[in-house]
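Okay, model10.cif now, which holds mmCIF, N, CA and C atoms:
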data_entry
#
loop_
_atom_site.label_atom_id
_atom_site.label_comp_id
_atom_site.auth_asym_id
_atom_site.auth_seq_id
_atom_site.Cartn_x
_atom_site.Cartn_y
_atom_site.Cartn_z
N MET A 1 0.00 -3.67 -16.66
CA MET A 1 -0.80 -3.16 -15.57
C MET A 1 0.06 -2.66 -14.42
N THR A 2 1.18 -3.28 -14.20
CA THR A 2 2.00 -2.94 -13.05
C THR A 2 3.23 -2.13 -13.41
N THR A 3 3.37 -1.76 -14.67
CA THR A 3 4.46 -0.91 -15.11
C THR A 3 3.99 0.54 -15.09
N LYS A 4 4.83 1.43 -14.61
CA LYS A 4 4.47 2.84 -14.50
C LYS A 4 4.02 3.40 -15.84
N GLN A 5 2.85 4.03 -15.84
CA GLN A 5 2.30 4.63 -17.05
C GLN A 5 2.20 6.15 -16.93
N THR A 6 2.43 6.70 -15.74
CA THR A 6 2.30 8.13 -15.52
C THR A 6 3.60 8.84 -15.87
N PRO A 7 3.52 10.13 -16.25
CA PRO A 7 4.72 10.87 -16.61
C PRO A 7 5.66 11.07 -15.42
N GLU A 8 6.93 11.24 -15.70
CA GLU A 8 7.94 11.43 -14.66
C GLU A 8 7.64 12.64 -13.78
N ALA A 9 7.03 13.68 -14.35
CA ALA A 9 6.74 14.90 -13.59
C ALA A 9 5.67 14.68 -12.52
N LEU A 10 4.90 13.64 -12.64
CA LEU A 10 3.84 13.34 -11.67
C LEU A 10 4.44 12.61 -10.48
N LYS A 11 4.18 13.09 -9.27
CA LYS A 11 4.76 12.52 -8.06
C LYS A 11 4.37 11.06 -7.87
N ASP A 12 3.08 10.75 -8.00
CA ASP A 12 2.59 9.39 -7.79
C ASP A 12 2.78 8.56 -9.06
N ALA A 13 3.10 7.29 -8.88
CA ALA A 13 3.33 6.39 -10.01
C ALA A 13 2.18 5.39 -10.10
N TYR A 14 1.55 5.32 -11.26
CA TYR A 14 0.45 4.38 -11.47
C TYR A 14 0.62 3.63 -12.78
N GLY A 15 0.27 2.36 -12.72
CA GLY A 15 0.15 1.56 -13.93
C GLY A 15 -1.30 1.65 -14.38
N LEU A 16 -1.85 0.60 -14.91
CA LEU A 16 -3.26 0.60 -15.32
C LEU A 16 -4.10 0.05 -14.17
N GLY A 17 -4.49 0.93 -13.25
CA GLY A 17 -5.31 0.54 -12.13
C GLY A 17 -4.55 0.21 -10.86
N TRP A 18 -3.21 0.23 -10.91
CA TRP A 18 -2.39 -0.13 -9.76
C TRP A 18 -1.42 1.00 -9.45
N SER A 19 -1.15 1.22 -8.18
CA SER A 19 -0.04 2.09 -7.82
C SER A 19 1.23 1.24 -7.96
N THR A 20 2.31 1.86 -8.37
CA THR A 20 3.56 1.13 -8.59
C THR A 20 4.69 1.80 -7.83
N GLY A 21 5.78 1.12 -7.67
CA GLY A 21 6.96 1.69 -7.04
C GLY A 21 7.43 0.86 -5.87
N GLY A 22 8.68 1.03 -5.51
CA GLY A 22 9.26 0.31 -4.39
C GLY A 22 9.35 -1.18 -4.60
N GLY A 23 9.37 -1.61 -5.85
CA GLY A 23 9.48 -3.04 -6.14
C GLY A 23 8.17 -3.80 -6.07
N GLY A 24 7.07 -3.10 -5.84
CA GLY A 24 5.78 -3.77 -5.74
C GLY A 24 4.68 -2.93 -6.37
N PHE A 25 3.47 -3.37 -6.16
CA PHE A 25 2.32 -2.64 -6.67
C PHE A 25 1.12 -2.93 -5.79
N GLY A 26 0.08 -2.12 -5.93
CA GLY A 26 -1.10 -2.32 -5.10
C GLY A 26 -2.21 -1.36 -5.46
N HIS A 27 -3.18 -1.29 -4.58
CA HIS A 27 -4.32 -0.42 -4.81
C HIS A 27 -4.91 0.02 -3.48
N GLY A 28 -5.06 1.31 -3.31
CA GLY A 28 -5.70 1.84 -2.12
C GLY A 28 -7.16 2.13 -2.42
N GLY A 29 -8.01 1.81 -1.48
CA GLY A 29 -9.43 2.03 -1.67
C GLY A 29 -9.94 3.16 -0.79
N ALA A 30 -11.23 3.33 -0.80
CA ALA A 30 -11.87 4.38 -0.02
C ALA A 30 -11.79 4.06 1.47
N LEU A 31 -11.70 5.09 2.26
CA LEU A 31 -11.76 4.99 3.72
C LEU A 31 -10.71 4.04 4.31
N ALA A 32 -9.51 4.06 3.77
CA ALA A 32 -8.31 3.42 4.32
C ALA A 32 -8.11 1.96 3.97
N THR A 33 -8.93 1.34 3.15
CA THR A 33 -8.62 -0.03 2.72
C THR A 33 -7.39 0.03 1.81
N ASN A 34 -6.61 -1.04 1.80
CA ASN A 34 -5.38 -1.03 1.03
C ASN A 34 -4.93 -2.47 0.75
N MET A 35 -4.34 -2.69 -0.41
CA MET A 35 -3.80 -3.99 -0.78
C MET A 35 -2.47 -3.74 -1.49
N SER A 36 -1.47 -4.55 -1.16
CA SER A 36 -0.20 -4.42 -1.85
C SER A 36 0.39 -5.80 -2.12
N ILE A 37 1.15 -5.87 -3.19
CA ILE A 37 1.80 -7.10 -3.62
C ILE A 37 3.29 -6.82 -3.75
N ASP A 38 4.08 -7.64 -3.07
CA ASP A 38 5.54 -7.54 -3.13
C ASP A 38 6.05 -8.83 -3.77
N PRO A 39 6.28 -8.83 -5.09
CA PRO A 39 6.68 -10.06 -5.77
C PRO A 39 8.04 -10.60 -5.31
N LYS A 40 8.95 -9.73 -4.87
CA LYS A 40 10.26 -10.19 -4.43
C LYS A 40 10.16 -11.04 -3.17
N ARG A 41 9.28 -10.65 -2.25
CA ARG A 41 9.10 -11.40 -1.01
C ARG A 41 7.99 -12.44 -1.12
N GLY A 42 7.24 -12.40 -2.24
CA GLY A 42 6.11 -13.32 -2.38
C GLY A 42 5.04 -13.03 -1.35
N LEU A 43 4.80 -11.74 -1.09
CA LEU A 43 3.93 -11.34 0.00
C LEU A 43 2.80 -10.44 -0.50
N ILE A 44 1.59 -10.79 -0.14
CA ILE A 44 0.42 -9.97 -0.42
C ILE A 44 -0.15 -9.52 0.92
N THR A 45 -0.34 -8.23 1.08
CA THR A 45 -0.94 -7.72 2.31
C THR A 45 -2.25 -7.02 1.98
N ILE A 46 -3.22 -7.22 2.84
CA ILE A 46 -4.54 -6.61 2.66
C ILE A 46 -4.96 -5.98 3.98
N TRP A 47 -5.29 -4.72 3.93
CA TRP A 47 -5.73 -3.97 5.11
C TRP A 47 -7.18 -3.57 4.85
N LEU A 48 -8.10 -4.23 5.52
CA LEU A 48 -9.52 -3.98 5.32
C LEU A 48 -10.10 -3.26 6.53
N VAL A 49 -10.15 -1.97 6.44
CA VAL A 49 -10.72 -1.13 7.49
C VAL A 49 -11.55 -0.06 6.80
N GLN A 50 -12.71 0.19 7.29
CA GLN A 50 -13.53 1.27 6.76
C GLN A 50 -13.67 2.33 7.85
N HIS A 51 -13.06 3.46 7.64
CA HIS A 51 -13.19 4.55 8.61
C HIS A 51 -13.01 5.88 7.91
N ALA A 52 -13.63 6.87 8.48
CA ALA A 52 -13.49 8.23 7.97
C ALA A 52 -12.62 9.05 8.91
N GLY A 53 -11.94 8.38 9.81
CA GLY A 53 -11.04 9.05 10.75
C GLY A 53 -11.06 8.35 12.09
N PHE A 54 -9.90 7.88 12.51
CA PHE A 54 -9.78 7.23 13.82
C PHE A 54 -9.68 8.30 14.90
N PRO A 55 -10.20 8.02 16.09
CA PRO A 55 -9.99 8.96 17.19
C PRO A 55 -8.58 8.80 17.76
N GLY A 56 -8.08 9.82 18.38
CA GLY A 56 -6.77 9.76 19.02
C GLY A 56 -5.66 9.34 18.07
N ASP A 57 -4.87 8.36 18.49
CA ASP A 57 -3.74 7.87 17.68
C ASP A 57 -4.14 6.74 16.74
N GLY A 58 -5.42 6.48 16.59
CA GLY A 58 -5.88 5.39 15.74
C GLY A 58 -5.43 5.49 14.30
N GLY A 59 -5.19 6.72 13.83
CA GLY A 59 -4.72 6.92 12.46
C GLY A 59 -3.34 6.32 12.21
N LYS A 60 -2.63 5.98 13.27
CA LYS A 60 -1.31 5.38 13.15
C LYS A 60 -1.38 3.86 13.01
N SER A 61 -2.57 3.29 13.09
CA SER A 61 -2.70 1.83 13.13
C SER A 61 -2.21 1.15 11.85
N GLN A 62 -2.49 1.72 10.69
CA GLN A 62 -2.04 1.07 9.45
C GLN A 62 -0.52 1.09 9.36
N GLY A 63 0.11 2.19 9.73
CA GLY A 63 1.57 2.25 9.72
C GLY A 63 2.19 1.25 10.68
N ALA A 64 1.58 1.10 11.86
CA ALA A 64 2.07 0.13 12.84
C ALA A 64 1.91 -1.29 12.31
N TRP A 65 0.81 -1.55 11.64
CA TRP A 65 0.56 -2.87 11.05
C TRP A 65 1.59 -3.17 9.96
N LYS A 66 1.86 -2.19 9.08
CA LYS A 66 2.87 -2.39 8.03
C LYS A 66 4.24 -2.66 8.63
N GLN A 67 4.57 -1.94 9.70
CA GLN A 67 5.86 -2.15 10.37
C GLN A 67 5.93 -3.57 10.95
N ALA A 68 4.86 -4.05 11.55
CA ALA A 68 4.84 -5.40 12.11
C ALA A 68 5.00 -6.45 11.00
N VAL A 69 4.36 -6.23 9.85
CA VAL A 69 4.50 -7.16 8.72
C VAL A 69 5.95 -7.18 8.24
N ASP A 70 6.56 -6.00 8.10
CA ASP A 70 7.95 -5.94 7.66
C ASP A 70 8.89 -6.61 8.64
N GLN A 71 8.64 -6.46 9.93
CA GLN A 71 9.49 -7.11 10.93
C GLN A 71 9.34 -8.64 10.86
N ARG A 72 8.12 -9.09 10.67
CA ARG A 72 7.85 -10.53 10.64
C ARG A 72 8.36 -11.19 9.36
N PHE A 73 8.18 -10.53 8.23
CA PHE A 73 8.50 -11.13 6.93
C PHE A 73 9.70 -10.49 6.25
N GLY A 74 10.41 -9.61 6.93
CA GLY A 74 11.61 -8.99 6.37
C GLY A 74 11.29 -7.91 5.36
N ARG A 75 12.10 -6.93 5.31
CA ARG A 75 11.93 -5.84 4.34
C ARG A 75 13.24 -5.54 3.74
#
Step by step, read the file and then write its structure as structure tokens.
Amino acid sequence: MTTKQTPEALKDAYGLGWSTGGGGFGHGGALATNMSIDPKRGLITIWLVQHAGFPGDGGKSQGAWKQAVDQRFGR
């Protein structure tokens, strides 16, 4: 499930139902929800937000959250 199943020519890497790459795997859902698993760090992150577009700089919130997680738990 977590091993890349898509051809090399395809930019995005997917296993069976999971995105793969960067030493981890996960799944993005509709309207910005996202879950990722990093087995090397033993870390599971879940971003549960439902939006069709943040006003102003709100679209940067998930990136800022990921950066805070990496700072707190190492990357």
Inset, instruction - Counting only C-alpha atoms, note down every residue that has an atom within 6 Å of the point (-0.6, 8.1, -14.5) (file coordinates), as a PyMOL selection string. - result: chain A and resi 5-6+14
Inset, instruction - Would you list the contacts of stretch 25-35 of chain A as an MDAnalysis selection string, taking every protein, DNA or RNA residue within 6.5 Å and counting only N, CA and C atoms, but skipping same-chain residues closer than 2 positions in sequence? - result: chainID A and resid 2 17:23 37:39 45:52
Dump as a PDB file with N, CA and C atoms, in the frame of the given file all residues having an atom at most 8 Å from (8.2, -11.3, 1.4), computed in the file's coordinates with all atoms listed in the file.
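out04.pdb written:
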ATOM      1  N   ASP A  38       4.080  -7.640  -3.070  1.00  0.00           N
ATOM      2  CA  ASP A  38       5.540  -7.540  -3.130  1.00  0.00           C
ATOM      3  C   ASP A  38       6.050  -8.830  -3.770  1.00  0.00           C
ATOM      4  N   PRO A  39       6.280  -8.830  -5.090  1.00  0.00           N
ATOM      5  CA  PRO A  39       6.680 -10.060  -5.770  1.00  0.00           C
ATOM      6  C   PRO A  39       8.040 -10.600  -5.310  1.00  0.00           C
ATOM      7  N   LYS A  40       8.950  -9.730  -4.870  1.00  0.00           N
ATOM      8  CA  LYS A  40      10.260 -10.190  -4.430  1.00  0.00           C
ATOM      9  C   LYS A  40      10.160 -11.040  -3.170  1.00  0.00           C
ATOM     10  N   ARG A  41       9.280 -10.650  -2.250  1.00  0.00           N
ATOM     11  CA  ARG A  41       9.100 -11.400  -1.010  1.00  0.00           C
ATOM     12  C   ARG A  41       7.990 -12.440  -1.120  1.00  0.00           C
ATOM     13  N   GLY A  42       7.240 -12.400  -2.240  1.00  0.00           N
ATOM     14  CA  GLY A  42       6.110 -13.320  -2.380  1.00  0.00           C
ATOM     15  C   GLY A  42       5.040 -13.030  -1.350  1.00  0.00           C
ATOM     16  N   LEU A  43       4.800 -11.740  -1.090  1.00  0.00           N
ATOM     17  CA  LEU A  43       3.930 -11.340   0.000  1.00  0.00           C
ATOM     18  C   LEU A  43       2.800 -10.440  -0.500  1.00  0.00           C
ATOM     19  N   ILE A  44       1.590 -10.790  -0.140  1.00  0.00           N
ATOM     20  CA  ILE A  44       0.420  -9.970  -0.420  1.00  0.00           C
ATOM     21  C   ILE A  44      -0.150  -9.520   0.920  1.00  0.00           C
ATOM     22  N   ARG A  72       8.120  -9.090  10.670  1.00  0.00           N
ATOM     23  CA  ARG A  72       7.850 -10.530  10.640  1.00  0.00           C
ATOM     24  C   ARG A  72       8.360 -11.190   9.360  1.00  0.00           C
ATOM     25  N   PHE A  73       8.180 -10.530   8.230  1.00  0.00           N
ATOM     26  CA  PHE A  73       8.500 -11.130   6.930  1.00  0.00           C
ATOM     27  C   PHE A  73       9.700 -10.490   6.250  1.00  0.00           C
ATOM     28  N   GLY A  74      10.410  -9.610   6.930  1.00  0.00           N
ATOM     29  CA  GLY A  74      11.610  -8.990   6.370  1.00  0.00           C
ATOM     30  C   GLY A  74      11.290  -7.910   5.360  1.00  0.00           C
ATOM     31  N   ARG A  75      12.100  -6.930   5.310  1.00  0.00           N
ATOM     32  CA  ARG A  75      11.930  -5.840   4.340  1.00  0.00           C
ATOM     33  C   ARG A  75      13.240  -5.540   3.740  1.00  0.00           C
TER      34      ARG A  75
END
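We find atom C of A:Leu16 and atom N of A:Thr3 to be spaced 7.7 Å apart.
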Legend entry - Computed interatomic separation between atom N of A:Asp70 and atom C of A:Ser36 (Å):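 Result for atom N of A:Asp70 versus atom C of A:Ser36: 11.9 Å, one decimal.
Assigned to strand (DSSP E) in chain A, given DSSP computed from backbone atoms, are A:Ser19, A:Thr20, A:Gly21, A:Gly24, A:Phe25, A:Gly26, A:His27, A:Gly28, A:Asn34, A:Met35, A:Ser36, A:Ile37, A:Asp38, A:Leu43, A:Ile44, A:Thr45, A:Ile46, A:Trp47.
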Inset, instruction - Would you mind reading off the distance between atom N of A:Gln67 and atom N of A:Gly24, one decimal, in Å? - result: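 Here the two named atoms are 15.8 Å from each other.
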Inset, instruction - Go through chain A and collect every residue that DSSP, computed from the backbone, puts in alpha helix (DSSP H); the answer should be as a PyMOL selection string. - result: chain A and resi 61-73
Could you dump the residues just selected with N, CA and C atoms as a short mmCIF file (atom, residue, chain, number, x, y, z; two decimals), keeping the file's coordinate frame?
data_model
loop_
_atom_site.label_atom_id
_atom_site.label_comp_id
_atom_site.auth_asym_id
_atom_site.auth_seq_id
_atom_site.Cartn_x
_atom_site.Cartn_y
_atom_site.Cartn_z
N SER A 61 -2.57 3.29 13.09
CA SER A 61 -2.70 1.83 13.13
C SER A 61 -2.21 1.15 11.85
N GLN A 62 -2.49 1.72 10.69
CA GLN A 62 -2.04 1.07 9.45
C GLN A 62 -0.52 1.09 9.36
N GLY A 63 0.11 2.19 9.73
CA GLY A 63 1.57 2.25 9.72
C GLY A 63 2.19 1.25 10.68
N ALA A 64 1.58 1.10 11.86
CA ALA A 64 2.07 0.13 12.84
C ALA A 64 1.91 -1.29 12.31
N TRP A 65 0.81 -1.55 11.64
CA TRP A 65 0.56 -2.87 11.05
C TRP A 65 1.59 -3.17 9.96
N LYS A 66 1.86 -2.19 9.08
CA LYS A 66 2.87 -2.39 8.03
C LYS A 66 4.24 -2.66 8.63
N GLN A 67 4.57 -1.94 9.70
CA GLN A 67 5.86 -2.15 10.37
C GLN A 67 5.93 -3.57 10.95
N ALA A 68 4.86 -4.05 11.55
CA ALA A 68 4.84 -5.40 12.11
C ALA A 68 5.00 -6.45 11.00
N VAL A 69 4.36 -6.23 9.85
CA VAL A 69 4.50 -7.16 8.72
C VAL A 69 5.95 -7.18 8.24
N ASP A 70 6.56 -6.00 8.10
CA ASP A 70 7.95 -5.94 7.66
C ASP A 70 8.89 -6.61 8.64
N GLN A 71 8.64 -6.46 9.93
CA GLN A 71 9.49 -7.11 10.93
C GLN A 71 9.34 -8.64 10.86
N ARG A 72 8.12 -9.09 10.67
CA ARG A 72 7.85 -10.53 10.64
C ARG A 72 8.36 -11.19 9.36
N PHE A 73 8.18 -10.53 8.23
CA PHE A 73 8.50 -11.13 6.93
C PHE A 73 9.70 -10.49 6.25
#
